$ cat protein31.cif   # mmCIF, C-alpha atoms
data_data
#
loop_
_atom_site.label_atom_id
_atom_site.label_comp_id
_atom_site.auth_asym_id
_atom_site.auth_seq_id
_atom_site.Cartn_x
_atom_site.Cartn_y
_atom_site.Cartn_z
CA MET M 24 -47.97 172.02 37.29
CA SER M 25 -46.30 172.84 40.61
CA PHE M 26 -47.15 170.88 43.76
CA ARG M 27 -49.81 172.40 45.99
CA PRO M 28 -50.33 170.67 49.31
CA PRO M 29 -53.93 169.92 50.27
CA LYS M 30 -55.53 171.82 53.11
CA TYR M 31 -54.47 170.28 56.41
CA PRO M 32 -57.44 168.08 57.36
CA TYR M 33 -57.99 169.24 60.91
CA GLU M 34 -58.18 172.90 59.87
CA ARG M 35 -61.45 171.99 58.15
CA LEU M 36 -62.94 171.42 61.60
CA ASP M 37 -62.62 175.05 62.74
CA PRO M 38 -66.34 175.82 62.13
CA LEU M 39 -67.30 172.80 64.24
CA ARG M 40 -64.91 173.89 66.98
CA GLU M 41 -66.54 177.31 67.04
CA LYS M 42 -69.99 175.75 67.25
CA ALA M 43 -68.92 173.45 70.10
CA ALA M 44 -67.20 176.30 71.96
CA SER M 45 -70.42 178.32 71.94
CA LEU M 46 -72.09 175.91 74.37
CA GLU M 47 -71.95 176.65 78.08
CA GLY M 48 -68.85 174.95 79.42
CA GLY M 49 -67.12 175.07 76.02
CA GLY M 50 -66.23 172.41 73.51
CA VAL M 51 -64.64 169.02 74.04
CA ASP M 52 -62.24 168.44 71.17
CA LEU M 53 -61.63 164.75 70.50
CA SER M 54 -60.70 165.24 66.86
CA VAL M 55 -56.92 164.93 67.30
CA GLY M 56 -54.99 162.35 69.33
CA ASN M 57 -53.51 165.11 71.47
CA PRO M 58 -52.52 163.81 74.94
CA CYS M 59 -54.02 165.71 77.86
CA ASP M 60 -52.58 163.88 80.87
CA PRO M 61 -49.44 164.69 82.87
CA PRO M 62 -46.14 162.99 81.99
CA SER M 63 -44.04 160.97 84.39
CA PRO M 64 -42.63 163.03 87.30
CA ALA M 65 -39.24 161.55 86.38
CA VAL M 66 -39.45 163.32 83.01
CA LEU M 67 -40.30 166.66 84.58
CA GLU M 68 -37.42 166.29 87.03
CA VAL M 69 -34.96 165.69 84.19
CA LEU M 70 -36.31 168.60 82.16
CA GLY M 71 -36.01 170.83 85.22
CA SER M 72 -32.30 170.09 85.39
CA ALA M 73 -31.81 170.10 81.63
CA ASP M 74 -28.33 171.61 81.54
CA GLU M 75 -26.70 169.09 83.85
CA GLY M 76 -23.69 167.78 82.00
CA GLY M 77 -24.09 170.44 79.31
CA ALA M 78 -27.04 168.70 77.66
CA THR M 79 -28.37 171.95 76.20
CA ARG M 80 -25.04 173.49 75.07
CA GLY M 81 -23.42 171.29 72.48
CA TYR M 82 -24.83 169.66 69.37
CA PRO M 83 -26.46 166.31 70.16
CA THR M 84 -25.64 163.33 67.98
CA SER M 85 -28.12 162.58 65.22
CA ARG M 86 -28.13 158.88 66.14
CA GLY M 87 -28.92 159.67 69.76
CA SER M 88 -26.92 159.29 72.93
CA LEU M 89 -25.90 155.86 74.14
CA THR M 90 -28.01 156.47 77.26
CA ALA M 91 -31.15 157.13 75.21
CA ARG M 92 -30.54 154.24 72.81
CA ARG M 93 -29.84 151.87 75.68
CA ALA M 94 -33.12 152.94 77.31
CA VAL M 95 -34.93 152.10 74.06
CA ALA M 96 -33.22 148.71 73.83
CA GLU M 97 -34.05 147.88 77.44
CA TRP M 98 -37.70 148.89 76.87
CA PHE M 99 -37.93 146.52 73.88
CA GLY M 100 -36.62 143.68 76.01
CA ARG M 101 -38.76 144.44 79.06
CA ARG M 102 -42.03 145.34 77.33
CA LEU M 103 -41.97 143.40 74.06
CA ASP M 104 -39.58 140.56 74.89
CA VAL M 105 -37.35 141.19 71.90
CA GLU M 106 -33.60 141.71 71.96
CA VAL M 107 -32.36 144.91 70.32
CA ALA M 108 -28.81 146.22 70.58
CA PRO M 109 -28.40 149.95 71.28
CA GLU M 110 -26.23 150.10 68.14
CA GLN M 111 -29.28 149.13 66.08
CA VAL M 112 -31.37 152.06 67.38
CA ALA M 113 -31.52 155.62 66.05
CA LEU M 114 -33.64 158.53 67.28
CA CYS M 115 -35.98 160.79 65.31
CA ILE M 116 -37.71 164.07 66.11
CA GLY M 117 -41.02 162.38 66.79
CA THR M 118 -42.13 159.82 64.24
CA LYS M 119 -44.14 162.09 61.95
CA GLU M 120 -41.03 163.66 60.42
CA LEU M 121 -39.59 160.19 59.85
CA VAL M 122 -42.80 158.94 58.24
CA ALA M 123 -42.91 162.00 55.97
CA GLY M 124 -39.23 161.86 55.02
CA LEU M 125 -38.53 158.14 54.72
CA PRO M 126 -39.80 157.64 51.11
CA ALA M 127 -37.51 160.37 49.74
CA TRP M 128 -34.47 158.97 51.54
CA LEU M 129 -35.18 155.40 50.45
CA HIS M 130 -35.62 156.58 46.85
CA LEU M 131 -32.08 157.97 46.98
CA ARG M 132 -30.96 154.50 48.00
CA ASP M 133 -32.90 152.75 45.22
CA PRO M 134 -34.03 155.07 42.41
CA SER M 135 -35.32 152.10 40.40
CA ARG M 136 -38.44 151.87 42.56
CA ASP M 137 -41.05 154.64 42.70
CA THR M 138 -44.05 153.35 44.68
CA VAL M 139 -45.08 153.63 48.32
CA LEU M 140 -47.77 151.21 49.51
CA PHE M 141 -49.90 152.15 52.52
CA PRO M 142 -53.25 151.08 54.04
CA GLU M 143 -56.27 152.57 52.29
CA LEU M 144 -57.52 153.64 55.73
CA ALA M 145 -54.60 155.25 57.51
CA TYR M 146 -52.75 158.12 59.11
CA PRO M 147 -52.55 160.68 56.26
CA THR M 148 -48.78 161.18 56.45
CA TYR M 149 -48.02 157.80 54.87
CA GLU M 150 -49.51 159.04 51.61
CA MET M 151 -48.16 162.57 52.02
CA GLY M 152 -44.60 161.27 52.47
CA ALA M 153 -44.83 159.63 49.05
CA LEU M 154 -46.28 162.75 47.45
CA LEU M 155 -43.62 164.99 48.98
CA ALA M 156 -40.97 162.70 47.49
CA GLY M 157 -42.60 162.81 44.04
CA LEU M 158 -43.42 159.11 44.21
CA ARG M 159 -46.50 157.02 43.47
CA ALA M 160 -48.77 156.61 46.50
CA VAL M 161 -50.78 153.39 46.15
CA PRO M 162 -53.36 152.43 48.81
CA VAL M 163 -53.62 148.79 49.83
CA PRO M 164 -57.19 147.44 50.20
CA MET M 165 -58.41 146.46 53.65
CA GLY M 166 -60.84 143.70 54.50
CA GLU M 167 -63.00 142.65 57.42
CA GLY M 168 -62.14 144.47 60.62
CA TRP M 169 -60.03 146.91 58.60
CA HIS M 170 -57.16 144.46 58.32
CA LEU M 171 -54.63 144.87 55.53
CA ARG M 172 -55.19 142.64 52.49
CA LEU M 173 -51.70 141.87 51.27
CA ASP M 174 -53.18 139.45 48.74
CA ALA M 175 -54.93 142.37 47.03
CA ILE M 176 -51.71 144.21 46.14
CA GLU M 177 -51.24 144.20 42.38
CA GLU M 178 -48.02 142.46 41.34
CA ALA M 179 -47.19 145.39 39.07
CA ASP M 180 -47.29 147.70 42.10
CA ALA M 181 -45.30 145.26 44.21
CA GLU M 182 -42.55 145.17 41.59
CA ARG M 183 -42.28 148.98 41.72
CA ALA M 184 -42.66 149.22 45.51
CA LEU M 185 -39.98 150.95 47.51
CA LEU M 186 -41.80 150.68 50.81
CA LEU M 187 -44.87 149.14 52.45
CA TRP M 188 -46.28 150.89 55.51
CA VAL M 189 -48.17 148.92 58.14
CA ASN M 190 -49.69 150.42 61.28
CA SER M 191 -50.53 148.20 64.22
CA PRO M 192 -52.50 148.92 66.33
CA GLY M 193 -54.00 151.00 63.55
CA ASN M 194 -55.08 154.61 63.37
CA PRO M 195 -58.02 155.22 63.03
CA ALA M 196 -59.70 151.79 63.20
CA GLY M 197 -57.59 150.19 65.96
CA GLN M 198 -56.93 146.89 64.16
CA VAL M 199 -53.99 144.69 65.20
CA GLU M 200 -52.25 143.41 62.07
CA ASP M 201 -50.44 140.15 61.30
CA LEU M 202 -46.94 141.63 61.28
CA GLY M 203 -45.33 138.30 60.53
CA ALA M 204 -47.30 138.06 57.29
CA ALA M 205 -46.30 141.62 56.36
CA ALA M 206 -42.62 140.92 57.00
CA ALA M 207 -42.76 137.73 54.91
CA TRP M 208 -44.56 139.53 52.05
CA GLY M 209 -41.86 142.20 51.94
CA ARG M 210 -38.94 139.78 52.10
CA GLU M 211 -40.33 137.67 49.28
CA ARG M 212 -40.43 140.75 47.05
CA GLY M 213 -37.47 142.76 48.29
CA VAL M 214 -39.75 145.51 49.63
CA LEU M 215 -38.90 147.24 52.91
CA VAL M 216 -41.76 146.98 55.41
CA ALA M 217 -41.97 149.88 57.87
CA SER M 218 -44.16 149.11 60.87
CA ASP M 219 -45.55 152.13 62.72
CA GLU M 220 -46.11 150.80 66.25
CA CYS M 221 -46.72 154.02 68.18
CA TYR M 222 -49.87 152.61 69.87
CA VAL M 223 -48.30 149.33 70.93
CA GLU M 224 -48.70 150.17 74.65
CA GLN M 225 -52.44 150.49 74.01
CA THR M 226 -53.01 146.95 72.75
CA TRP M 227 -56.36 145.65 74.01
CA GLN M 228 -56.57 142.24 72.31
CA GLY M 229 -53.66 139.85 72.71
CA ARG M 230 -50.09 140.70 73.67
CA PRO M 231 -48.35 143.82 72.38
CA SER M 232 -46.41 142.91 69.26
CA THR M 233 -43.67 144.33 67.07
CA ILE M 234 -42.54 143.36 63.60
CA LEU M 235 -39.13 142.68 65.20
CA HIS M 236 -40.61 139.48 66.65
CA HIS M 237 -40.18 138.19 63.09
CA GLY M 238 -36.56 139.25 62.61
CA THR M 239 -34.89 142.47 61.50
CA GLY M 240 -34.10 141.76 57.84
CA GLY M 241 -36.06 143.99 55.48
CA VAL M 242 -38.11 145.72 58.19
CA LEU M 243 -38.16 148.87 60.30
CA ALA M 244 -40.04 149.31 63.58
CA VAL M 245 -41.02 152.92 64.31
CA HIS M 246 -41.99 154.09 67.81
CA SER M 247 -42.76 157.21 69.80
CA LEU M 248 -43.29 158.48 73.33
CA SER M 249 -46.19 160.73 72.31
CA LYS M 250 -49.06 158.45 73.38
CA ARG M 251 -47.21 156.09 75.72
CA SER M 252 -45.89 158.87 77.95
CA ASN M 253 -48.01 161.96 77.08
CA LEU M 254 -45.00 163.60 75.48
CA ALA M 255 -46.24 164.55 72.01
CA GLY M 256 -44.71 168.01 72.40
CA MET M 257 -41.29 166.67 73.31
CA ARG M 258 -40.78 165.01 69.88
CA PHE M 259 -38.94 161.86 70.90
CA GLY M 260 -39.18 158.87 68.57
CA TRP M 261 -36.94 156.05 67.38
CA TYR M 262 -36.53 153.47 64.65
CA THR M 263 -34.73 150.15 64.46
CA GLY M 264 -34.66 147.01 62.38
CA ASP M 265 -32.64 146.14 59.29
CA PRO M 266 -29.08 147.27 60.19
CA GLU M 267 -28.17 148.45 56.69
CA VAL M 268 -31.36 150.50 56.32
CA VAL M 269 -31.08 151.99 59.81
CA GLU M 270 -27.50 153.07 59.12
CA PHE M 271 -28.36 154.56 55.72
CA VAL M 272 -31.29 156.57 57.09
CA ARG M 273 -29.22 157.69 60.06
CA GLU M 274 -26.43 158.95 57.79
CA VAL M 275 -28.82 160.88 55.55
CA ARG M 276 -30.54 162.44 58.56
CA GLN M 277 -27.18 163.40 60.04
CA HIS M 278 -26.26 165.33 56.89
CA ALA M 279 -29.63 167.09 57.01
CA GLY M 280 -29.18 168.10 60.66
CA PHE M 281 -32.01 166.08 62.17
CA MET M 282 -31.19 165.88 65.90
CA VAL M 283 -33.28 165.30 69.02
CA PRO M 284 -32.23 167.95 71.58
CA GLY M 285 -29.92 166.65 74.26
CA ALA M 286 -32.27 167.53 77.13
CA VAL M 287 -35.11 165.72 75.37
CA GLN M 288 -32.93 162.63 74.96
CA ARG M 289 -32.29 162.56 78.70
CA ALA M 290 -35.98 163.05 79.47
CA GLY M 291 -36.97 160.37 76.95
CA ALA M 292 -34.65 157.88 78.60
CA ALA M 293 -36.29 158.67 81.95
CA ALA M 294 -39.76 158.12 80.48
CA LEU M 295 -38.79 154.76 79.01
CA GLY M 296 -37.45 153.69 82.39
CA ASP M 297 -40.81 154.37 84.09
CA GLN M 298 -43.25 151.66 83.05
CA ALA M 299 -45.66 152.38 85.91
CA HIS M 300 -46.79 155.69 84.44
CA ALA M 301 -47.32 154.06 81.02
CA ASP M 302 -49.43 151.32 82.63
CA ALA M 303 -51.52 153.93 84.44
CA GLN M 304 -52.03 155.86 81.21
CA ARG M 305 -53.12 152.72 79.40
CA GLU M 306 -55.85 152.19 81.98
CA ARG M 307 -57.01 155.80 81.57
CA TYR M 308 -57.44 155.22 77.85
CA ARG M 309 -59.26 151.95 78.43
CA GLU M 310 -61.70 153.64 80.84
CA ARG M 311 -62.34 156.54 78.48
CA LEU M 312 -62.92 154.31 75.46
CA ALA M 313 -65.53 152.30 77.36
CA PHE M 314 -67.22 155.49 78.59
CA LEU M 315 -67.23 157.07 75.13
CA ARG M 316 -68.84 153.97 73.65
CA ASP M 317 -71.75 154.50 76.04
CA VAL M 318 -71.85 158.21 75.23
CA LEU M 319 -72.06 157.56 71.50
CA ALA M 320 -74.73 154.92 72.04
CA ARG M 321 -76.91 157.67 73.56
CA ALA M 322 -76.54 159.51 70.27
CA GLY M 323 -77.62 156.40 68.35
CA VAL M 324 -74.09 155.53 67.24
CA GLY M 325 -72.61 152.09 67.83
CA ALA M 326 -68.83 151.95 68.10
CA PRO M 327 -66.94 148.68 68.67
CA MET M 328 -64.10 148.49 71.14
CA PRO M 329 -60.88 148.67 69.09
CA GLU M 330 -58.30 145.89 69.14
CA GLY M 331 -55.79 148.57 70.09
CA GLY M 332 -55.13 152.30 70.05
CA ILE M 333 -56.86 155.29 71.62
CA TYR M 334 -59.69 155.88 69.14
CA LEU M 335 -63.25 154.78 68.56
CA TRP M 336 -64.04 154.24 64.89
CA ALA M 337 -67.77 154.72 64.62
CA PRO M 338 -70.05 154.21 61.61
CA ALA M 339 -72.20 157.29 60.98
CA PRO M 340 -75.98 156.82 60.68
CA GLY M 341 -76.81 156.77 57.01
CA GLY M 342 -73.11 156.90 56.18
CA ASP M 343 -72.99 160.71 56.53
CA ALA M 344 -69.95 161.41 58.70
CA TRP M 345 -70.07 165.19 58.33
CA ALA M 346 -73.73 165.28 59.39
CA LEU M 347 -72.88 163.26 62.50
CA ALA M 348 -69.90 165.52 63.29
CA GLU M 349 -72.13 168.60 62.91
CA ARG M 350 -74.77 167.12 65.21
CA LEU M 351 -72.30 166.10 67.92
CA ALA M 352 -70.73 169.56 67.88
CA ALA M 353 -74.10 171.36 68.05
CA GLU M 354 -75.82 169.13 70.62
CA ALA M 355 -72.94 167.92 72.80
CA GLY M 356 -70.07 170.32 72.11
CA LEU M 357 -68.11 167.27 70.95
CA VAL M 358 -65.65 167.67 68.06
CA VAL M 359 -64.76 164.50 66.16
CA SER M 360 -62.99 163.78 62.87
CA PRO M 361 -64.90 162.68 59.76
CA GLY M 362 -63.40 159.46 58.47
CA GLU M 363 -62.51 160.82 55.04
CA PHE M 364 -59.48 162.43 56.68
CA TYR M 365 -57.97 158.91 56.73
CA GLY M 366 -58.82 157.93 53.16
CA ARG M 367 -61.88 157.53 50.98
CA ALA M 368 -62.57 154.13 52.55
CA GLY M 369 -63.37 155.87 55.83
CA ALA M 370 -65.92 158.35 54.50
CA GLY M 371 -68.87 156.79 56.33
CA HIS M 372 -67.25 156.84 59.79
CA VAL M 373 -66.02 159.27 62.42
CA ARG M 374 -62.96 158.95 64.63
CA VAL M 375 -63.21 159.82 68.32
CA ALA M 376 -59.98 160.22 70.31
CA ALA M 377 -60.04 159.37 74.03
CA VAL M 378 -57.96 162.40 74.92
CA ALA M 379 -59.99 164.43 77.42
CA PRO M 380 -60.28 164.00 81.19
CA MET M 381 -63.32 162.11 82.45
CA ALA M 382 -64.89 165.32 83.79
CA ARG M 383 -65.03 166.70 80.24
CA LEU M 384 -66.41 163.45 78.85
CA GLU M 385 -69.09 163.46 81.56
CA LEU M 386 -70.08 166.94 80.40
CA VAL M 387 -70.67 165.55 76.91
CA ALA M 388 -72.74 162.70 78.36
CA THR M 389 -74.86 165.16 80.36
CA ARG M 390 -75.55 167.28 77.29
CA LEU M 391 -76.66 164.28 75.26
CA ALA M 392 -78.84 163.02 78.08
CA SER M 393 -80.68 166.36 78.26
#

$ encode --input "protein31.cif" --output "structure tokens"
Amino acid sequence: MSFRPPKYPYERLDPLREKAASLEGGGVDLSVGNPCDPPSPAVLEVLGSADEGGATRGYPTSRGSLTARRAVAEWFGRRLDVEVAPEQVALCIGTKELVAGLPAWLHLRDPSRDTVLFPELAYPTYEMGALLAGLRAVPVPMGEGWHLRLDAIEEADAERALLLWVNSPGNPAGQVEDLGAAAAWGRERGVLVASDECYVEQTWQGRPSTILHHGTGGVLAVHSLSKRSNLAGMRFGWYTGDPEVVEFVREVRQHAGFMVPGAVQRAGAAALGDQAHADAQRERYRERLAFLRDVLARAGVGAPMPEGGIYLWAPAPGGDAWALAERLAAEAGLVVSPGEFYGRAGAGHVRVAAVAPMARLELVATRLAS
């Protein structure tokens, strides 16, 4: 049988979007983590002078310019207190394409292994990357607080594992994982551990952490400017870690023509150099998450503050996530994502993204109050 991709999850919300849009004032769509706030003025200034130095004319390097990679390395040192050499960094066209493509590339490197491990509650692309590569996609059980249970991985799956994905802070539940334990688990078994850390700037409990705090051998750290700098549309991401793996992935991507546009590389470097705008954005998310918790409480839904990230992960009354999503759309014009989008383990929850201005969130609160 030929492969048929499943319907893209968020397209299933179109009827709810229509229902929400029919209310006076329109709908408030918090189903996707789509940034709504302005980027750093430094980024806009660079993009406005994009052709300076011929940045838009010639082919950019697949690895990324030294300027961009140095900006990444300096950000790691300044923000996460970890030393990374620019030579250890490579760029990607946002992190989603890397997440989706990495299993296939790693399987070329080691055809003897055919299994991708990923959290049972997770960003859907971890599983889809395995399926697109024709590999086994095996979910890893999660325990209290939606933390990864490495001890629950079957040894037979570990022996076949090509890759273990971890996501911290997590999407959708916002958990902060023990990355040191994940790195140790992978090294003991010869399994690469890829740590998706795109919400690291939105860490609410404890200090922001990276798997690189535990060394580079056998690990990759994957990052993006999408949420940190409101630049999801610019598609600027990077990966670093085990030097041999980074170089292999970079070479494969170079042959396939994966390149971040030169103007985007310059703008990304400017964004990484401006920590003040990232700090301001973090506080916006914190304020919205607290406000949305109160809003949901008015609808009889209790949502804990996440350990990190930009989402509330709320249990649905009676465990019926679709019924709750329907009610919020009809009564408040609020569009949220049913938890089954992130795996069967999430079926009784909804995810609410803090990605609308406060004026729009206040509209939702007013509708619920009336």

$ resolve_selection --input "protein31.cif" --expression "the PyMOL selection byres ((chain M and resi 36-42) around 8)" --output "VMD selection string"
chain M and resid 32 to 35 43 to 46 50 52 348 to 349 352 to 353 356 358 360

$ residues_around --input "protein31.cif" --residues "segment 197-207 of chain M" --least-positions-apart "5" --cutoff "7 Å" --atoms "all atoms listed in the file" --output "number ranges by chain"
M: 168-170, 191-192, 216, 234, 237, 242, 329-332, 334

$ resolve_selection --input "protein31.cif" --expression "the PyMOL selection byres ((chain M and resi 301) around 10)" --output "VMD selection string"
chain M and resid 62 to 63 224 to 225 248 250 to 253 294 to 300 302 to 307

$ write_last_selection --input "protein31.cif" --atoms "C-alpha atoms" --output "CSV table (one decimal), keeping the file's coordinate frame"
chain,number,residue,atom,x,y,z
M,62,PRO,CA,-46.1,163.0,82.0
M,63,SER,CA,-44.0,161.0,84.4
M,224,GLU,CA,-48.7,150.2,74.6
M,225,GLN,CA,-52.4,150.5,74.0
M,248,LEU,CA,-43.3,158.5,73.3
M,250,LYS,CA,-49.1,158.4,73.4
M,251,ARG,CA,-47.2,156.1,75.7
M,252,SER,CA,-45.9,158.9,78.0
M,253,ASN,CA,-48.0,162.0,77.1
M,294,ALA,CA,-39.8,158.1,80.5
M,295,LEU,CA,-38.8,154.8,79.0
M,296,GLY,CA,-37.4,153.7,82.4
M,297,ASP,CA,-40.8,154.4,84.1
M,298,GLN,CA,-43.2,151.7,83.0
M,299,ALA,CA,-45.7,152.4,85.9
M,300,HIS,CA,-46.8,155.7,84.4
M,302,ASP,CA,-49.4,151.3,82.6
M,303,ALA,CA,-51.5,153.9,84.4
M,304,GLN,CA,-52.0,155.9,81.2
M,305,ARG,CA,-53.1,152.7,79.4
M,306,GLU,CA,-55.8,152.2,82.0
M,307,ARG,CA,-57.0,155.8,81.6

$ resolve_selection --input "protein31.cif" --expression "the PyMOL selection byres ((chain M and resi 388) around 9)" --output "PyMOL selection string"
chain M and resi 315+317-319+321+355+383-387+389-393

$ atom_distance --input "protein31.cif" --atom1 "atom CA of Arg136 of chain M" --atom2 "atom CA of Ala184 of chain M"
5.8 Å

$ closest_residue --input "protein31.cif" --among "M:Leu173, M:Leu351, M:Leu187, M:Met328" --to "Glu150 of chain M" --atoms "all atoms listed in the file"
M:Leu187

$ atom_distance --input "protein31.cif" --atom1 "atom CA of Leu67 of chain M" --atom2 "atom CA of Ala91 of chain M"
16.2 Å

$ closest_residue --input "protein31.cif" --among "M:Leu53, M:Leu154, M:Ala279, M:Ala123" --to "Val375 of chain M" --atoms "only C-alpha atoms"
M:Leu53

$ decode --input "protein31.cif" --residues "segment 210-230 of chain M" --atoms "C-alpha atoms" --output "mmCIF file, in the first residue's frame"
data_model
loop_
_atom_site.group_PDB
_atom_site.id
_atom_site.type_symbol
_atom_site.label_atom_id
_atom_site.label_comp_id
_atom_site.auth_asym_id
_atom_site.auth_seq_id
_atom_site.Cartn_x
_atom_site.Cartn_y
_atom_site.Cartn_z
ATOM 1 C CA ARG M 210 25.229 7.505 25.434
ATOM 2 C CA GLU M 211 24.846 4.244 27.324
ATOM 3 C CA ARG M 212 23.014 2.758 24.338
ATOM 4 C CA GLY M 213 24.665 4.501 21.408
ATOM 5 C CA VAL M 214 21.443 6.351 20.546
ATOM 6 C CA LEU M 215 21.607 9.960 19.344
ATOM 7 C CA VAL M 216 19.488 12.258 21.534
ATOM 8 C CA ALA M 217 18.074 15.289 19.716
ATOM 9 C CA SER M 218 16.838 17.974 22.099
ATOM 10 C CA ASP M 219 14.297 20.418 20.661
ATOM 11 C CA GLU M 220 14.790 23.542 22.783
ATOM 12 C CA CYS M 221 12.823 26.117 20.802
ATOM 13 C CA TYR M 222 10.965 27.357 23.926
ATOM 14 C CA VAL M 223 14.050 27.711 26.092
ATOM 15 C CA GLU M 224 13.618 31.506 26.364
ATOM 16 C CA GLN M 225 10.177 30.846 27.864
ATOM 17 C CA THR M 226 11.353 28.813 30.857
ATOM 18 C CA TRP M 227 9.229 29.647 33.899
ATOM 19 C CA GLN M 228 10.608 27.230 36.505
ATOM 20 C CA GLY M 229 14.343 27.172 37.110
ATOM 21 C CA ARG M 230 17.076 28.397 34.791
#
